[in-house]
Amino acid sequence: MEYLYFPGCTLYTKAKNLDEAGRECAKVLGFELRELSNWTCCGATFPLAKDNIMALAPPARILARAKEEGGTLTTLCSVCFNVIKRANRLIREDSEKREKINTFIEMDYQGDVRVLHYLEILKRDVGFETLKAAVKRDLGGLKVAPFYGCMLLRPSEEMEFDDKEAPTIFEDFLKAITCEPVDFPYKIECCGAFQSVGAPEVATECAYSILSSAVRNGAEAVTTTCPLCQFNIDSMQKEVHEKHNDFPGIPILYFTQLLGLALGLPVEKLDFGRNDVDPRPLLKGKELI
Amino acid sequence: MGRVGVVLCSCDLEGAPLFDPDVLTEKLKRRNDVLPLVYRSPACSESGVEAIRAFVEESDLDRIVVTCSRPELFGPTCMKVLRQSGHNTAFSEVIDIRPALASVEKGGLKEAAEHVLDLVERKIDEIRGRVPSRKEKIPFTKRVMVIGAGITGITASIDLGNAGYEVLLVDRLPSIGGRMLQLSETFPTLDCAQCTLTPKTVETGQHPQIRLITYSEIESVSGEVGNILVKIRRKAAYVDWEKCTGCGLCQEKCPSKVPSEFERGVGLGKAIYTLSPQAVPNKPVINREVCRFFTKGKCRVCEKVCPVGAIDYEQEDTFIEERVGAIIVATGFDLYPKEEIGEYGYGDVPDVIDGLAFERLNSASGPTAGEIRRPSDGHIPKEMVFIQCVASRDPERYMPYCSRACCMYTAKHARLYKHKVHDGRAYIFYMDIRSMGKGYEEFIQQGVEEEGILYLRGRVSRLFRDNDHVVVWGVDTLTGKKVEIAADMVVLATAMIPSRGVKELAEKLGIKTDEYGFLTEAHWKLYPVESGVEGIYLAGCAQGPKDIADTVAQGNAAASKVQALFAQYRNSS
């Protein structure tokens with residue numbers, strides 16, 4: 001199996017630990033991630049204004065290129081996934097906009113590339129049963145709260161990813177890699193998104209609600225698929241501490257890091273040093289590293 | 001065989017013709033088996049009706065076809081005129097020309113005429129081909145079947161019984177009373193629902209003209225007005241109702257306690273049960289899905305304790321056939337399942353219940369004997385949240401329509417709660433308050449002003465369980481503020497939807513349903529309880545959401561329609 005891989009900007013910089021572990025795990029699981037050539041920014045947000053065609057040019061170019069290079073397109077970052085998948089659908093279903101966009105990007109793309117998130121590859125193409133069988137390092141029921149955020153799930157009729165109110169794919173994934181998923185009501189809530197730039201106090205409160213709910217429900221760690229979520233609930237924990245002294249802190253891991261750990265990858269490939277709240281004490285305590 | 005008369009009305013009810021009638025007359029005149037009558041101003045006008053009467057009386061016509069653009073309005077009147085003129089209408093029809101004109105451009109009167117001609121000729125050939133099923137005149141049966149024994153069906157049955165007609169009252173539940181039997185008190189008077197209803201159910205059960213056919217479903221329907229043959233499946237109760245005295249010992253001793261549908265999941269029932277201690281008829285049935293004997297093969301406790309030997313595990317469904325002259329369909333409503341509402345937890349959050357479940361908690365005969373205790377731990381809730389318009393007025397995801405009764409019953413719920421839990425707080429999230437019944441607005445205001453119910457105008461985006469609270473995330477759009485309430489219990493006023501199986505029943509009866517499954521009346525305004533099929537009437541929430549006062553009015557209306565129908569056949573039995 002081979003997939004065209006669109007890393008996106010963050011995965012080359014801040015979220016290297018999401019990217020590298022993802023690539024390494026693919027090798028272990030026997031599928032290839034061929035990096036899309038000449039990729040650009042995904043557009044970063046799906047335009048909210050209906051007539052903002054311009055913002056659709058970057059994802060359209062990415063998709064048209066994926067079509068040329070022939071393959072299913074996959075991403076690790078939830079935001080990229082959201083923008084590309086929705087742009088793809090719009091191009092497929094709205095002939096007027098399709099024509100406009102194609103004229104603008106000077107390419108001819110019909111919206112027919114398959115776009116999958118890495119988690120969907122694990123679920124549909126690899127299969128959670130196969131994944132379970134590939135586990136080399138038993139994580140011993142590590143209690144992990146899956147934080148979906150919003151981008152994977154909404155708008156559900158466009159994303160067609162999972163039930164928007166009660167998703168389960170992340171939990172099923174965690175079970176397959178021998179973690180114990182922790183259900184918590186904030187798993188589908190907003191991480192604070194870009195408020196961390198303009199109104200950090202808002203994002204801090206979001207992070208506090210999410211993380212304290214995860215801790216209350218017994219989580220030892222939280223996992224994400226999204227560099228923006230990761231930033232808000234990992235990097236912002238300093239600010240959360242400043243406002244809420246009682247907050248104990250909790251490590252936040254990318255799902256590919258947990259996957260790599262379970263598949264027995266060497267620890268240096270998992271780059272735990274990049275996580276702001278160091279997960280290594282927890283993992284050492286559990287004798288997982 | 002005589003000629004077929006064709007009445008051609010080309011009117012569109014707005015004065016402009018829809019087709020050129022001369023084209024049709026030309027062509028129809030060439031057939032010697034057809035006699036056309038063109039009426040240029042609306043045939044449904046007084047002069048039009050007189051012209052039709054004269055046409056029928058003066059010509060020897062065997063069968064008649066009338067073209068019309070609104071047959072649902074003119075059809076019944078026209079048929080009556082034909083009958084009054086001495087015409088046997090068994091094979092005559094008022095046909096709808098609108099479908100034939102769908103593809104015709106406006107103003108293409110000649111082309112339109114060709115389409116109508118095609119339609120008319122096909123109809124002529126069809127009705128000429130029909131042969132009377134019997135030579136002798138079919139007697140008109142003056143008996144009525146009422147399907148659905150809720151307050152609507154009961155009301156109609158009592159009216160018709162009092163008028164001297166024999167009534168067969170059918171319900172799929174073991175006893176009569178329907179939804180109203182589940183209610184605690186009713187708005188705007190806060191009368192006890194059972195106290196209001198029980199005299200009615202008893203009257204129905206005792207009425208010499210009314211026969212109850214409960215625990216039964218309609219299997220098939222055939223025939224036409226005055227002569228409708230209905231096949232009914234009498235479901236196996238596994239109790240011989242002839243022998244049963246209704247002593248209740250079997251229910252008392254039955255060891256299976258299961259969540260009861262009647263108690264809306266907030267209370268338990270037995271595997272052998274009646275719906276209430278005052279059930280009419282007061283005869284139990286066994287739910288074989290949960291009965292220990294049927295599921296595990298041993299138990300037979302009810303059989304052992306029954307003093308008259310009425311238990312019969314071998315009983316099977318039986319079928320009966322009844323001939324009636326008219327049918328009233330009053331099959332009522334269900335609530336939109338909260339299990340399908342993801343933002344409110346797919347029915348998985350304990351202490352989030354629907355309106356009918358709250359009625360049961362409030363009811364003196366309910367699982368808590370009328371004390372407000374939440375299902376999860378039996379505690380008395382101090383923070384109560386009521387959410388209106390759940391799955392109603394939500395065209396994107398659920399039902400676009402207003403369910404009409406929820407504003408009032410939610411106000412009633414909050415007030416009843418405050419009457420019982422004085423130190424409790426009641427919040428109501430609403431979109432608008434629709435209280436346009438007699439005494440309704442005053443009822444709402446009293447709740448707000450005297451009982452301190454807090455109305456918050458806004459929707460609730462999500463609720464979830466956190467510890468032993470139900471966290472409610474909403475918005476107050478009047479202040480523009482987000483609202484978070486750690487509630488002890490939440491009541492969802494979920495949308496009214498047609499009761500299960502109505503579409504299938506409507507198909508058997510040959511009547512129409514709308515896109516949501518509510519039965520379609522013959523006309524929005526003028527024929528609210530007619531189905532469009534002669535002899536079949538509708539009433540109550542089967543036709544659309546409404547409150548008890550309106551549903552009773554419709555029950556009365558349907559009954560009076562049947563009496564008027566029967567009065568037209570004075571000489572029949």
# chains A, B, ... in the order shown; residues from 1 in each chain; ligands from 1
>>> closest_atom_pairs(of="chain A", to="chain B", cutoff="8 Å", atoms="only C-alpha atoms", output="JSON lines")
{"residue": "A:Lys164", "atom": "CA", "partner": "B:Gly342", "partner_atom": "CA", "distance": 7.9}
{"residue": "A:Glu165", "atom": "CA", "partner": "B:Gly342", "partner_atom": "CA", "distance": 5.3}
{"residue": "A:Ala166", "atom": "CA", "partner": "B:Gly342", "partner_atom": "CA", "distance": 7.1}
{"residue": "A:Pro185", "atom": "CA", "partner": "B:Phe464", "partner_atom": "CA", "distance": 6.4}
>>> write_last_selection(atoms="C-alpha atoms", output="CSV table (one decimal), in the first residue's frame")
chain,number,residue,atom,x,y,z
A,164,LYS,CA,-19.8,14.0,15.7
A,165,GLU,CA,-21.3,13.7,19.1
A,166,ALA,CA,-20.1,10.3,20.2
A,185,PRO,CA,-17.1,14.9,28.1
>>> residues_around(residues="Gln237 in chain A", least_positions_apart="3", cutoff="8 Å", atoms="only C-alpha atoms", output="number ranges by chain")
A: 204, 207, 232-234, 240-241, 249, 277
>>> write_last_selection(atoms="N, CA, C and O atoms", output="PDB file, in the first residue's frame")
ATOM      1  N   THR A 204      -6.596  29.510  27.426  1.00  0.00           N
ATOM      2  CA  THR A 204      -6.152  28.909  28.683  1.00  0.00           C
ATOM      3  C   THR A 204      -7.321  28.256  29.406  1.00  0.00           C
ATOM      4  O   THR A 204      -7.204  27.145  29.925  1.00  0.00           O
ATOM      5  N   ALA A 207      -8.259  25.042  27.696  1.00  0.00           N
ATOM      6  CA  ALA A 207      -7.309  23.980  28.037  1.00  0.00           C
ATOM      7  C   ALA A 207      -7.579  23.474  29.447  1.00  0.00           C
ATOM      8  O   ALA A 207      -7.589  22.262  29.698  1.00  0.00           O
ATOM      9  N   ASN A 232      -2.325  24.155  22.189  1.00  0.00           N
ATOM     10  CA  ASN A 232      -3.208  24.765  23.187  1.00  0.00           C
ATOM     11  C   ASN A 232      -3.269  23.994  24.497  1.00  0.00           C
ATOM     12  O   ASN A 232      -3.406  24.590  25.552  1.00  0.00           O
ATOM     13  N   ILE A 233      -3.188  22.664  24.408  1.00  0.00           N
ATOM     14  CA  ILE A 233      -3.328  21.934  25.677  1.00  0.00           C
ATOM     15  C   ILE A 233      -1.988  21.429  26.203  1.00  0.00           C
ATOM     16  O   ILE A 233      -1.925  20.974  27.342  1.00  0.00           O
ATOM     17  N   ASP A 234      -0.938  21.534  25.405  1.00  0.00           N
ATOM     18  CA  ASP A 234       0.384  21.120  25.884  1.00  0.00           C
ATOM     19  C   ASP A 234       1.211  22.360  26.229  1.00  0.00           C
ATOM     20  O   ASP A 234       1.510  22.634  27.400  1.00  0.00           O
ATOM     21  N   VAL A 240      -1.954  27.728  32.225  1.00  0.00           N
ATOM     22  CA  VAL A 240      -3.030  27.110  33.020  1.00  0.00           C
ATOM     23  C   VAL A 240      -2.603  27.030  34.484  1.00  0.00           C
ATOM     24  O   VAL A 240      -3.356  27.389  35.393  1.00  0.00           O
ATOM     25  N   HIS A 241      -1.340  26.622  34.710  1.00  0.00           N
ATOM     26  CA  HIS A 241      -0.814  26.532  36.074  1.00  0.00           C
ATOM     27  C   HIS A 241      -0.857  27.870  36.790  1.00  0.00           C
ATOM     28  O   HIS A 241      -1.184  27.938  37.967  1.00  0.00           O
ATOM     29  N   GLY A 249      -1.285  19.129  35.988  1.00  0.00           N
ATOM     30  CA  GLY A 249      -0.491  18.946  34.765  1.00  0.00           C
ATOM     31  C   GLY A 249      -0.620  17.520  34.259  1.00  0.00           C
ATOM     32  O   GLY A 249      -0.793  16.573  35.053  1.00  0.00           O
ATOM     33  N   VAL A 277       5.050  19.340  28.024  1.00  0.00           N
ATOM     34  CA  VAL A 277       4.985  18.626  29.298  1.00  0.00           C
ATOM     35  C   VAL A 277       5.675  17.291  29.038  1.00  0.00           C
ATOM     36  O   VAL A 277       5.200  16.481  28.248  1.00  0.00           O
TER      37      VAL A 277
END
>>> select_by_dssp(residues="range 92-139 of chain B", states="alpha helix (DSSP H)", output="NGL selection string")
:B and (109-129)
>>> write_last_selection(atoms="C-alpha atoms", output="mmCIF file, in the first residue's frame")
data_model
loop_
_atom_site.group_PDB
_atom_site.id
_atom_site.type_symbol
_atom_site.label_atom_id
_atom_site.label_comp_id
_atom_site.auth_asym_id
_atom_site.auth_seq_id
_atom_site.Cartn_x
_atom_site.Cartn_y
_atom_site.Cartn_z
ATOM 1 C CA LEU B 109 -54.254 25.731 -24.069
ATOM 2 C CA LYS B 110 -54.429 23.460 -27.132
ATOM 3 C CA GLU B 111 -51.560 21.302 -25.990
ATOM 4 C CA ALA B 112 -53.070 21.189 -22.519
ATOM 5 C CA ALA B 113 -56.358 20.064 -24.020
ATOM 6 C CA GLU B 114 -54.608 17.101 -25.694
ATOM 7 C CA HIS B 115 -53.186 16.016 -22.342
ATOM 8 C CA VAL B 116 -56.551 16.340 -20.625
ATOM 9 C CA LEU B 117 -58.244 14.462 -23.478
ATOM 10 C CA ASP B 118 -55.797 11.633 -23.057
ATOM 11 C CA LEU B 119 -56.503 11.540 -19.334
ATOM 12 C CA VAL B 120 -60.282 11.678 -19.806
ATOM 13 C CA GLU B 121 -60.356 8.975 -22.484
ATOM 14 C CA ARG B 122 -58.279 6.666 -20.351
ATOM 15 C CA LYS B 123 -60.602 7.281 -17.431
ATOM 16 C CA ILE B 124 -63.679 6.647 -19.618
ATOM 17 C CA ASP B 125 -62.260 3.355 -20.800
ATOM 18 C CA GLU B 126 -61.289 2.401 -17.294
ATOM 19 C CA ILE B 127 -64.657 3.048 -15.719
ATOM 20 C CA ARG B 128 -66.540 1.478 -18.627
ATOM 21 C CA GLY B 129 -64.505 -1.619 -17.993
#
>>> residues_around(residues="Arg374 in chain B", least_positions_apart="4", cutoff="6 Å", atoms="only C-alpha atoms", output="PyMOL selection string")
chain B and resi 351+378-379
>>> write_last_selection(atoms="C-alpha atoms", output="compact mmCIF listing (two decimals), in the first residue's frame")
# COMPACT_ATOMS: atom_id res chain seq x y z
CA ASP B 351 -31.55 11.80 34.42
CA GLY B 378 -33.79 8.52 43.45
CA HIS B 379 -32.67 11.91 44.76
>>> decode(residues="range 36-51 of chain B", atoms="all heavy atoms", output="PDB file, in the first residue's frame")
ATOM      1  N   PRO B  36     -70.423  14.907 -23.840  1.00  0.00           N
ATOM      2  CA  PRO B  36     -69.695  15.935 -23.093  1.00  0.00           C
ATOM      3  C   PRO B  36     -70.567  17.120 -22.698  1.00  0.00           C
ATOM      4  O   PRO B  36     -71.520  17.451 -23.375  1.00  0.00           O
ATOM      5  CB  PRO B  36     -68.600  16.381 -24.080  1.00  0.00           C
ATOM      6  CG  PRO B  36     -69.117  16.015 -25.439  1.00  0.00           C
ATOM      7  CD  PRO B  36     -70.240  15.037 -25.311  1.00  0.00           C
ATOM      8  N   LEU B  37     -70.227  17.722 -21.567  1.00  0.00           N
ATOM      9  CA  LEU B  37     -70.838  18.983 -21.150  1.00  0.00           C
ATOM     10  C   LEU B  37     -69.710  19.933 -20.795  1.00  0.00           C
ATOM     11  O   LEU B  37     -68.864  19.623 -19.959  1.00  0.00           O
ATOM     12  CB  LEU B  37     -71.720  18.783 -19.912  1.00  0.00           C
ATOM     13  CG  LEU B  37     -72.146  20.076 -19.209  1.00  0.00           C
ATOM     14  CD1 LEU B  37     -73.226  20.809 -20.010  1.00  0.00           C
ATOM     15  CD2 LEU B  37     -72.655  19.805 -17.803  1.00  0.00           C
ATOM     16  N   VAL B  38     -69.684  21.089 -21.505  1.00  0.00           N
ATOM     17  CA  VAL B  38     -68.639  22.056 -21.194  1.00  0.00           C
ATOM     18  C   VAL B  38     -69.230  23.112 -20.295  1.00  0.00           C
ATOM     19  O   VAL B  38     -70.286  23.664 -20.583  1.00  0.00           O
ATOM     20  CB  VAL B  38     -68.095  22.708 -22.481  1.00  0.00           C
ATOM     21  CG1 VAL B  38     -67.084  23.775 -22.127  1.00  0.00           C
ATOM     22  CG2 VAL B  38     -67.485  21.655 -23.378  1.00  0.00           C
ATOM     23  N   TYR B  39     -68.581  23.387 -19.194  1.00  0.00           N
ATOM     24  CA  TYR B  39     -69.051  24.466 -18.355  1.00  0.00           C
ATOM     25  C   TYR B  39     -67.949  25.497 -18.208  1.00  0.00           C
ATOM     26  O   TYR B  39     -66.861  25.202 -17.726  1.00  0.00           O
ATOM     27  CB  TYR B  39     -69.521  23.958 -16.988  1.00  0.00           C
ATOM     28  CG  TYR B  39     -70.384  25.015 -16.390  1.00  0.00           C
ATOM     29  CD1 TYR B  39     -71.698  25.156 -16.842  1.00  0.00           C
ATOM     30  CD2 TYR B  39     -69.865  25.937 -15.503  1.00  0.00           C
ATOM     31  CE1 TYR B  39     -72.483  26.193 -16.381  1.00  0.00           C
ATOM     32  CE2 TYR B  39     -70.651  26.974 -15.040  1.00  0.00           C
ATOM     33  CZ  TYR B  39     -71.956  27.103 -15.482  1.00  0.00           C
ATOM     34  OH  TYR B  39     -72.725  28.133 -15.055  1.00  0.00           O
ATOM     35  N   ARG B  40     -68.215  26.720 -18.706  1.00  0.00           N
ATOM     36  CA  ARG B  40     -67.118  27.673 -18.848  1.00  0.00           C
ATOM     37  C   ARG B  40     -66.774  28.443 -17.579  1.00  0.00           C
ATOM     38  O   ARG B  40     -65.626  28.712 -17.312  1.00  0.00           O
ATOM     39  CB  ARG B  40     -67.409  28.640 -20.001  1.00  0.00           C
ATOM     40  CG  ARG B  40     -67.206  27.929 -21.316  1.00  0.00           C
ATOM     41  CD  ARG B  40     -67.368  28.810 -22.517  1.00  0.00           C
ATOM     42  NE  ARG B  40     -67.482  27.994 -23.697  1.00  0.00           N
ATOM     43  CZ  ARG B  40     -66.460  27.449 -24.329  1.00  0.00           C
ATOM     44  NH1 ARG B  40     -65.244  27.655 -23.922  1.00  0.00           N
ATOM     45  NH2 ARG B  40     -66.658  26.690 -25.382  1.00  0.00           N
ATOM     46  N   SER B  41     -67.768  28.830 -16.841  1.00  0.00           N
ATOM     47  CA  SER B  41     -67.392  29.419 -15.553  1.00  0.00           C
ATOM     48  C   SER B  41     -67.248  28.243 -14.586  1.00  0.00           C
ATOM     49  O   SER B  41     -67.632  27.139 -14.921  1.00  0.00           O
ATOM     50  CB  SER B  41     -68.440  30.414 -15.094  1.00  0.00           C
ATOM     51  OG  SER B  41     -69.585  29.716 -14.691  1.00  0.00           O
ATOM     52  N   PRO B  42     -66.699  28.426 -13.428  1.00  0.00           N
ATOM     53  CA  PRO B  42     -66.392  27.257 -12.610  1.00  0.00           C
ATOM     54  C   PRO B  42     -67.586  26.329 -12.396  1.00  0.00           C
ATOM     55  O   PRO B  42     -68.677  26.793 -12.062  1.00  0.00           O
ATOM     56  CB  PRO B  42     -65.946  27.879 -11.273  1.00  0.00           C
ATOM     57  CG  PRO B  42     -65.530  29.258 -11.599  1.00  0.00           C
ATOM     58  CD  PRO B  42     -66.310  29.683 -12.793  1.00  0.00           C
ATOM     59  N   ALA B  43     -67.362  25.060 -12.618  1.00  0.00           N
ATOM     60  CA  ALA B  43     -68.432  24.082 -12.454  1.00  0.00           C
ATOM     61  C   ALA B  43     -68.852  23.970 -11.002  1.00  0.00           C
ATOM     62  O   ALA B  43     -69.940  23.514 -10.696  1.00  0.00           O
ATOM     63  CB  ALA B  43     -67.988  22.720 -12.975  1.00  0.00           C
ATOM     64  N   CYS B  44     -67.964  24.424 -10.118  1.00  0.00           N
ATOM     65  CA  CYS B  44     -68.306  24.327  -8.702  1.00  0.00           C
ATOM     66  C   CYS B  44     -69.138  25.523  -8.236  1.00  0.00           C
ATOM     67  O   CYS B  44     -69.515  25.605  -7.087  1.00  0.00           O
ATOM     68  CB  CYS B  44     -67.045  24.166  -7.848  1.00  0.00           C
ATOM     69  SG  CYS B  44     -65.840  25.472  -8.103  1.00  0.00           S
ATOM     70  N   SER B  45     -69.400  26.461  -9.148  1.00  0.00           N
ATOM     71  CA  SER B  45     -70.258  27.592  -8.777  1.00  0.00           C
ATOM     72  C   SER B  45     -71.703  27.101  -8.700  1.00  0.00           C
ATOM     73  O   SER B  45     -72.022  25.997  -9.126  1.00  0.00           O
ATOM     74  CB  SER B  45     -70.153  28.691  -9.827  1.00  0.00           C
ATOM     75  OG  SER B  45     -70.668  28.200 -11.057  1.00  0.00           O
ATOM     76  N   GLU B  46     -72.566  27.940  -8.146  1.00  0.00           N
ATOM     77  CA  GLU B  46     -73.952  27.526  -7.981  1.00  0.00           C
ATOM     78  C   GLU B  46     -74.591  27.204  -9.335  1.00  0.00           C
ATOM     79  O   GLU B  46     -75.252  26.189  -9.507  1.00  0.00           O
ATOM     80  CB  GLU B  46     -74.728  28.640  -7.271  1.00  0.00           C
ATOM     81  CG  GLU B  46     -76.005  28.125  -6.683  1.00  0.00           C
ATOM     82  CD  GLU B  46     -76.751  29.188  -5.905  1.00  0.00           C
ATOM     83  OE1 GLU B  46     -76.260  30.323  -5.810  1.00  0.00           O
ATOM     84  OE2 GLU B  46     -77.833  28.870  -5.412  1.00  0.00           O
ATOM     85  N   SER B  47     -74.321  28.082 -10.340  1.00  0.00           N
ATOM     86  CA  SER B  47     -74.919  27.836 -11.650  1.00  0.00           C
ATOM     87  C   SER B  47     -74.305  26.590 -12.286  1.00  0.00           C
ATOM     88  O   SER B  47     -74.983  25.850 -12.996  1.00  0.00           O
ATOM     89  CB  SER B  47     -74.725  29.051 -12.555  1.00  0.00           C
ATOM     90  OG  SER B  47     -73.351  29.377 -12.632  1.00  0.00           O
ATOM     91  N   GLY B  48     -73.019  26.352 -12.000  1.00  0.00           N
ATOM     92  CA  GLY B  48     -72.355  25.167 -12.524  1.00  0.00           C
ATOM     93  C   GLY B  48     -73.000  23.902 -11.993  1.00  0.00           C
ATOM     94  O   GLY B  48     -73.296  22.957 -12.731  1.00  0.00           O
ATOM     95  N   VAL B  49     -73.256  23.919 -10.704  1.00  0.00           N
ATOM     96  CA  VAL B  49     -73.880  22.750 -10.080  1.00  0.00           C
ATOM     97  C   VAL B  49     -75.269  22.520 -10.665  1.00  0.00           C
ATOM     98  O   VAL B  49     -75.665  21.381 -10.944  1.00  0.00           O
ATOM     99  CB  VAL B  49     -73.923  22.952  -8.545  1.00  0.00           C
ATOM    100  CG1 VAL B  49     -74.852  21.932  -7.898  1.00  0.00           C
ATOM    101  CG2 VAL B  49     -72.520  22.852  -7.967  1.00  0.00           C
ATOM    102  N   GLU B  50     -75.998  23.626 -10.886  1.00  0.00           N
ATOM    103  CA  GLU B  50     -77.335  23.487 -11.488  1.00  0.00           C
ATOM    104  C   GLU B  50     -77.226  22.888 -12.888  1.00  0.00           C
ATOM    105  O   GLU B  50     -78.033  22.045 -13.280  1.00  0.00           O
ATOM    106  CB  GLU B  50     -78.043  24.848 -11.549  1.00  0.00           C
ATOM    107  CG  GLU B  50     -78.596  25.307 -10.204  1.00  0.00           C
ATOM    108  CD  GLU B  50     -79.363  24.198  -9.477  1.00  0.00           C
ATOM    109  OE1 GLU B  50     -80.204  23.525 -10.106  1.00  0.00           O
ATOM    110  OE2 GLU B  50     -79.102  23.981  -8.271  1.00  0.00           O
ATOM    111  N   ALA B  51     -76.217  23.312 -13.642  1.00  0.00           N
ATOM    112  CA  ALA B  51     -76.025  22.795 -14.996  1.00  0.00           C
ATOM    113  C   ALA B  51     -75.720  21.296 -14.953  1.00  0.00           C
ATOM    114  O   ALA B  51     -76.231  20.524 -15.773  1.00  0.00           O
ATOM    115  CB  ALA B  51     -74.884  23.545 -15.679  1.00  0.00           C
TER     116      ALA B  51
END
